[in-house]
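The next block holds one structure in the form of structure tokens; read it before the comments.
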Amino acid sequence: MQRQGFIDRLKAIVGDDYVIAHPEDLLVYEYDGSVDRAMPRAVVLPASAGEVSRTLALAYQEGVPVVGRGSGTGLSGGALAPPGGIQIAFTRMNRILEVDTENRTATIEPGVINLDLDNHVRKFGMRYAPDPSSQKACSLGGNIAENAGGPHCLAYGATTNHVLALEVALEDGTMVNLGGPAREVPGYDLRGVFVGSEGTFGIATQITVRLLPLPETVKTFLGIFPDIESACSAVSAVIGHGIVPAALEMIDALSIRAVQQVTDAGYPEDAGAVLLIELEGLWEEVDEVSREVESALWETGAGEVRVAEEDRERERLWLGRKTAFGAFGAIAPNYYLVDGVVPRTRLSQVLRKVSEVSEKYGIIIANVFHAGDGNLHPCMLFDGREPGVTERAMAGAAELMEYCVAVGGTLSGEHGIGLEKKQFMPLVFTDADLAVMRRTRDAFAPANRLNPGKIFPDDDGFYQIVPQPTPPPGDTGMYV
Amino acid sequence: MTEPIAQQLADLLGRDTVLMPDGAGGAANTPELEKYAVDGLAPQVVVQPTDRESIARLMQWAAARQVAVLPRGGGVLSALGNRPAQVDVALDLSRYNRVLDYQPADLTVTVEPGVTLQTLSRELARGGKFVPLESPLSHRATLGGILAANASGPLRHAYGLARDWLIGISVVGADGVETKAGGKVVKNVTGYDLNKLYTGSLGTLGVIVEASFKLAPLMDEWAALAAPFPSMDAAIAAGRSLIAQVYAPQGLQVVNRPAARRLNLTADSAAGAYVLALFAGRPRAVGRRREESARLLGQSGATAVESLDGAAGQALLRQVTDLGWSDDTIPALGMRVNLPPTAVGQLVAAIVGESAGESGAELGLVADLGFGVAHLLRWPETFDQAAAGNEEPAGDAVIAGSLSEIERMQALARSMGGTVVVEHCAPAVKARIDVWGGAATEAELEIMRRIKQNFDPLGLLNPGRFMGRL
């Protein structure tokens with residue numbers, strides 16, 4: 001009776017068609033891109049900030065926890081419904097509201113897809129720099145919650161460096177504006193600490209981001225290396241030369257072979273690793289730096305260096321990077337992805353550890369990652385139907401995370417803690433550190449009704465871990 | 001009567017850590033302590049720790065006795081903030097100043113809070129790296145102070161603010177417990193990003209005891225252009241056109257005539273304003289940026305374009321950064337207006353017409369057209385009086401004039417989506433305003449209050465100085 005009443009009252013806010021409550025209809029909302037799953041009690045699809053606010057106010061009254069959901073591409077379980085909770089999905093709030101070409105800002109609704117915004121503003125000679133590999137599918141609201149990264153964050157910073165203002169609904173439905181149209185706003189930087197709070201502080205209903213002018217020149221290099229060690233020394237050599245490229249990505253031998261089976265990215269199948277390096281800027285800058293990049297690649301043992309300046313050639317070089325994860329389906333039906341970050345000089349040491357872990361646990365591990373940032377993405381590939389293999393993969397992932405922390409790194413560079421890494425937080429943070437983080441959350445959400453059970457290790461949640469299937473070969477529905 | 005707190009602290013932390021000028025307890029109101037006064041309020045004691053354990057012990061001691069602690073670095077920006085509600089202990093962090101971990105190959109550095117920007121920059125340069133932070137008086141400004149006050153300079157357009165470079169932080173809280181957030185890697189979403197919360201919080205949430213930054217490669221070349229224009233309007237129009245170009249400079253400031261005079265810009269005595277363009281980077285790129293910028297400024301009505309190389313360019317950059325904070329340029333009234341970039345021109349247009357000849361004072365204007373910030377500096381003609389510092393009682397006319405000007409500027413800025421921070425004013429003026437101007441909404445301020453309450457429930461860290469008198 002009470003439950004029916006709650007759903008009806010949700011329908012009264014957003015309309016009958018925009019509350020999903022039948023179990024079979026809810027199935028697609030049970031997942032995100034991580035290994036966890038949780039069935040929401042209902043999914044609400046609001047059309048306006050007012051509807052978001054009223055939905056939150058109702059849920060607050062009823063004691064129902066809430067999480068926002070963008071496109072469900074997250075890799076840490078961030079968008080999964082808390083136990084007994086509802087999801088607010090932003091599918092319908094996907095308008096680009098304003099592009100200010102002079103101040104170089106865009107104001108959007110949270111359901112706007114990252115790449116749609118970027119494509120739109122390119123017409124005005126600008127771009128939205130953060131480019132998570134899921135950018136074809138992921139929403140800006142989700143990017144804000146997770147402080148999403150991407151290849152070009154090396155030069156331009158992650159989402160947090162590009163957010164100016166947020167309109168936010170708090171847990172009880174109160175609306176508040178954080179930040180503002182100016183680059184600097186006095187007072188505590190509430191907008192700054194909100195970005196990356198994984199849906200626990202509030203739910204953004206409108207977002208103003210900073211845009212960057214398009215560079216005059218873009219040049220992409222593909223360095224082909226006989227082994228991963230030499231590719232790692234090339235990374236160190238480039239950074240050591242005082243060069244911070246726009247992007248610096250690595251693809252290992254296993255991934256190269258997987259890619260080449262699915263599409264012809266032109267990578268030699270006997271290569272040990274390839275590096276993708278992109279330079280941007282004034283023609284003079286790119287020209288000068290590209291000589292240094294090329295010589296760094298040759299000096300560290302590259303067998304071949306390909307260079308592209310035209311868009312179509314550049315896209316071809318990027319093709320392998322972008323299809324790599326989709327190609328893993330040909331290797332194994334399930335995956336688990338690690339997102340550790342280490343100081344860049346530790347890359348080759350940590351990749352050796354990855355090989356050891358692969359051998360020790362008998363799990364295939366592929367590496368496609370943001371080398372310039374030191375952000376690894378060891379992808380554990382396995383068949384979840386094999387008894388005990390999921391547990392072995394998880395144990396291997398845990399050992400890798402511990403190792404990343406031990407060499408001065410941390411658990412997650414861009415995917416978030418969510419559910420799947422929360423038990424590892426004590427590797428990085430003391431109880432006192434976590435207590436200060438809770439105090440911050442309590443200032444935004446004193447009743448802890450937004451996305452409870454995430455991030456903090458001792459916050460309980462009732463979630464079921466199941467191995468996530470890799471997509472069919474060639475599918476690009478999985479992104480890293 | 002209990003022991004004077006100076007004596008208690010000397011017993012707790014050791015005599016070397018506590019500034020006791022007359023060699024005994026009860027050192028209040030000695031000239032040494034006056035140097036640490038904030039808004040004319042001298043502390044009872046100055047603590048100068050060289051390790052973080054002492055800072056933790058101090059905070060535990062202070063919490064037990066409800067003693068107010070005012071953290072400070074080089075004291076460069078100590079004019080910032082509302083008048084403190086209580087001043088007991090000045091926590092001088094300038095001796096806690098080592099570079100702890102510099103990894104040039106990783107492009108990261110970790111420091112103690114008291115290291116000065118100049119010292120750090122020199123050390124970083126030895127490894128070919130650069131931290132793109134700026135502050136007035138960089139030989140005194142400490143990294144902890146820069147973070148707490150969110151100091152910046154003309155290169156903020158290209159490099160952003162301290163929040164964009166800070167990657168990890170350790171803080172001793174009001175309860176004396178040290179905690180951390182972030183780390184030493186350049187990309188990190190492990191836990192909440194409290195780096196953002198502490199940056200610009202003016203020491204009201206904790207004492208910064210360690211900070212890690214990501215770094216940039218050292219700039220090979222520096223240069224600047226100084227171009228006089230007949231009027232402020234013409235300079236703003238030219239500056240706006242320049243900042244939109246693909247070859248735009250890393251920093252672009254427009255200064256009016258009174259500000260230009262303080263910067264010793266004399267290329268054209270009839271100039272109403274100057275465009276200052278600052279360049280940093282690889283030599284060939286700097287060369288092209290400078291050349292094309294000079295051409296554009298010439299075509300846009302500059303009466304001359306003076307080109308400054310390397311050291312001269314850097315010297316100009318330093319002067320612009322220091323303006324309003326170096327001893328001989330401290331204004332009687334100084335305001336920082338944060339705006340969307342296009343609104344800077346509108347703001348200047350709105351105020352420039354009426355600025356001349358008011359009450360014998362002159363209004364200096366420095367506008368950052370790329371980033372969107374304007375500094376308004378009112379220097380009285382009788383400059384000696386202002387230079388004597390804020391302790392001097394201001395005349396009624398100055399008070400009334402300042403208050404009405406602040407109010408007018410706040411209304412103007414608000415109408416343009418901006419905010420005003422009063423950085424310098426007479427004590428009598430400060431007593432009547434919130435120098436931070438107030439948050440956009442009550443809901444936002446309520447979250448800030450809860451943050452302060454949750455971090456410093458007794459209100460002992462820089463009490464009363466922050467927005468909303470937090």
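Letters A, B, ... go to the chains of the structure tokens in the order shown; residues in each chain start at 1; ligands are counted from 1 in the same order.
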Which residues of chain B sit at most 7 Å from chain A, using only C-alpha atoms? Give each one's shortest atom pair and distance in Å (one decimal place), in chain and ascending residue order, as CSV.
residue,atom,partner,partner_atom,distance
B:Ala105,CA,A:Gly240,CA,5.4
B:Asp106,CA,A:Arg344,CA,5.5
B:Asp164,CA,A:Asn161,CA,6.3
B:Thr179,CA,A:Asp433,CA,4.8
B:Lys180,CA,A:Asp433,CA,5.7
B:Lys184,CA,A:Gly409,CA,6.9
B:Val185,CA,A:Pro343,CA,5.7
B:Val186,CA,A:Asp373,CA,6.3
B:Lys187,CA,A:Gly413,CA,5.2
B:Asn188,CA,A:Gly413,CA,4.2
B:Val189,CA,A:Gly413,CA,5.3
B:Thr190,CA,A:Ser412,CA,5.4
B:Gly191,CA,A:Ile455,CA,6.9
B:Tyr192,CA,A:Ser197,CA,5.7
B:Asp193,CA,A:Val193,CA,5.4
B:Leu194,CA,A:Val193,CA,6.1
B:Lys196,CA,A:Gly192,CA,5.3
B:Leu197,CA,A:Asp189,CA,5.4
B:Gly200,CA,A:Tyr188,CA,6.7
B:Ser201,CA,A:Tyr188,CA,5.7
B:Pro217,CA,A:Gly242,CA,4.7
B:Val246,CA,A:Glu216,CA,6.8
B:Arg282,CA,A:Glu285,CA,6.6
B:Arg284,CA,A:Glu284,CA,5.9
B:Ala285,CA,A:Glu284,CA,5.3
B:Asn338,CA,A:Ala182,CA,6.0
B:Leu339,CA,A:Ala182,CA,4.6
B:Pro340,CA,A:Ala182,CA,4.3
B:Pro341,CA,A:Asn103,CA,5.9
B:Thr342,CA,A:Asn103,CA,6.1
B:Phe371,CA,A:Arg183,CA,6.7
B:Gly372,CA,A:Ala182,CA,6.7
B:Gly417,CA,A:Pro181,CA,6.3
B:Gly418,CA,A:Ala182,CA,6.1
B:Thr419,CA,A:Val185,CA,7.0
B:Trp436,CA,A:Pro186,CA,6.5
B:Ala439,CA,A:Gly187,CA,6.9
B:Ala443,CA,A:Val176,CA,5.8
B:Glu444,CA,A:Val176,CA,6.1
B:Ile447,CA,A:Ala443,CA,5.7
B:Met448,CA,A:Tyr188,CA,6.5
B:Arg450,CA,A:Ala443,CA,5.0
B:Ile451,CA,A:Ala443,CA,5.3
B:Asn454,CA,A:Arg439,CA,5.8
B:Met467,CA,A:Gly187,CA,5.7
Write a file of the just-selected residues containing C-alpha atoms, as a JSON list (two decimals), in the first residue's frame.
[["chain", "number", "residue", "atom", "x", "y", "z"],
["B", 105, "ALA", "CA", 60.85, 13.24, -13.91],
["B", 106, "ASP", "CA", 57.38, 12.79, -12.43],
["B", 164, "ASP", "CA", 44.46, 23.62, -10.77],
["B", 179, "THR", "CA", 44.68, 14.30, 7.90],
["B", 180, "LYS", "CA", 45.31, 14.21, 4.17],
["B", 184, "LYS", "CA", 51.36, 12.71, -5.20],
["B", 185, "VAL", "CA", 49.97, 11.59, -8.55],
["B", 186, "VAL", "CA", 48.75, 14.00, -11.20],
["B", 187, "LYS", "CA", 45.36, 12.41, -11.71],
["B", 188, "ASN", "CA", 43.32, 11.17, -8.79],
["B", 189, "VAL", "CA", 39.68, 10.54, -7.91],
["B", 190, "THR", "CA", 40.33, 8.51, -4.75],
["B", 191, "GLY", "CA", 38.11, 10.12, -2.12],
["B", 192, "TYR", "CA", 36.65, 13.61, -2.09],
["B", 193, "ASP", "CA", 38.79, 16.37, -3.60],
["B", 194, "LEU", "CA", 39.42, 18.32, -0.41],
["B", 196, "LYS", "CA", 39.63, 22.33, -3.61],
["B", 197, "LEU", "CA", 37.99, 22.93, -0.25],
["B", 200, "GLY", "CA", 41.14, 29.70, -0.72],
["B", 201, "SER", "CA", 39.68, 28.86, 2.72],
["B", 217, "PRO", "CA", 58.34, 22.24, -17.80],
["B", 246, "VAL", "CA", 45.18, 31.86, -31.68],
["B", 282, "ARG", "CA", 59.23, 27.92, -26.39],
["B", 284, "ARG", "CA", 59.87, 30.28, -31.64],
["B", 285, "ALA", "CA", 56.32, 30.30, -30.35],
["B", 338, "ASN", "CA", 35.76, 38.66, -10.29],
["B", 339, "LEU", "CA", 33.75, 38.67, -13.51],
["B", 340, "PRO", "CA", 33.05, 36.73, -16.66],
["B", 341, "PRO", "CA", 35.82, 37.93, -19.02],
["B", 342, "THR", "CA", 33.60, 39.99, -21.33],
["B", 371, "PHE", "CA", 40.62, 35.44, -17.02],
["B", 372, "GLY", "CA", 38.06, 37.98, -15.92],
["B", 417, "GLY", "CA", 27.40, 37.91, -12.69],
["B", 418, "GLY", "CA", 30.47, 38.79, -10.64],
["B", 419, "THR", "CA", 31.65, 39.30, -7.07],
["B", 436, "TRP", "CA", 34.04, 38.92, 0.80],
["B", 439, "ALA", "CA", 27.77, 34.33, -1.22],
["B", 443, "ALA", "CA", 21.60, 28.21, 0.54],
["B", 444, "GLU", "CA", 25.24, 28.35, -0.52],
["B", 447, "ILE", "CA", 26.57, 24.85, 3.28],
["B", 448, "MET", "CA", 29.68, 26.92, 4.04],
["B", 450, "ARG", "CA", 27.98, 23.69, 8.05],
["B", 451, "ILE", "CA", 31.44, 23.00, 6.64],
["B", 454, "ASN", "CA", 31.92, 20.42, 11.06],
["B", 467, "MET", "CA", 32.92, 34.93, 4.19]]
Name all residues at most 7 Å from range 39-41 of chain A (count only C-alpha atoms; drop same-chain ones fewer than 3 positions away) and give them as a VMD selection string. chain A and resid 21 30 81 84 to 87
Residues just named, written with C-alpha atoms as a compact mmCIF listing (two decimals), in the first residue's frame:
# COMPACT_ATOMS: atom_id res chain seq x y z
CA ALA A 21 8.76 0.46 -11.71
CA GLU A 30 20.46 -2.75 -12.71
CA ALA A 81 20.82 2.20 -6.86
CA GLY A 84 15.77 0.21 -1.48
CA GLY A 85 16.61 3.34 -3.44
CA ILE A 86 15.54 4.99 -6.65
CA GLN A 87 17.49 6.30 -9.60
Excluding range 52-58 of chain B and residues on its chain fewer than 2 positions from it, collect all residues at most 10 Å away from it, counting only C-alpha atoms, and give them as a PyMOL selection string. chain B and resi 9+12-14+17+47-50+60-64+67+69+89+91+93+96+112+171-178+207-210
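Straight-line separation from CA of His424 in chain B to CA of Trp165 in chain B: 27.1 Å.
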Near Ala374 in chain B, within 12 Å and counting only C-alpha atoms, which residues show up once chain neighbours fewer than 4 positions away are dropped, as a PyMOL selection string? (chain A and resi 182+184) or (chain B and resi 153-154+252-256+334-348+351+364-370+409+413+418-422)
So which residues of range 169-202 of chain A fall under strand (DSSP E) by DSSP, listed as an MDAnalysis selection string? chainID A and resid 169 175:179
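In this structure, CA of Ala260 in chain B sits 13.1 Å away from CA of Asp322 in chain B.
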Selection near Asp270 in chain A, 10 Å with only C-alpha atoms, sequence-local residues under 4 positions removed, as a PyMOL selection string: chain A and resi 224-227+253-254+256-257
As a count of residues only, please: every residue in range 215-415 of chain B that DSSP puts in alpha helix (DSSP H). 85
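Atom pair CA of Ser231 in chain B / CA of Ala349 in chain B has a distance of 10.8 Å (rounded to one decimal).
By only C-alpha atoms, and with residues fewer than 5 positions from Gly298 in chain B along its chain excluded, the set lying at most 12 Å from it is B:Leu225, B:Ala226, B:Ala227, B:Pro228, B:Phe229, B:Ala234, B:Ala235, B:Ala238, B:Gly239, B:Leu242, B:Val275, B:Glu291, B:Glu292, B:Ser293, B:Thr303, B:Ala304, B:Val305, B:Glu306.
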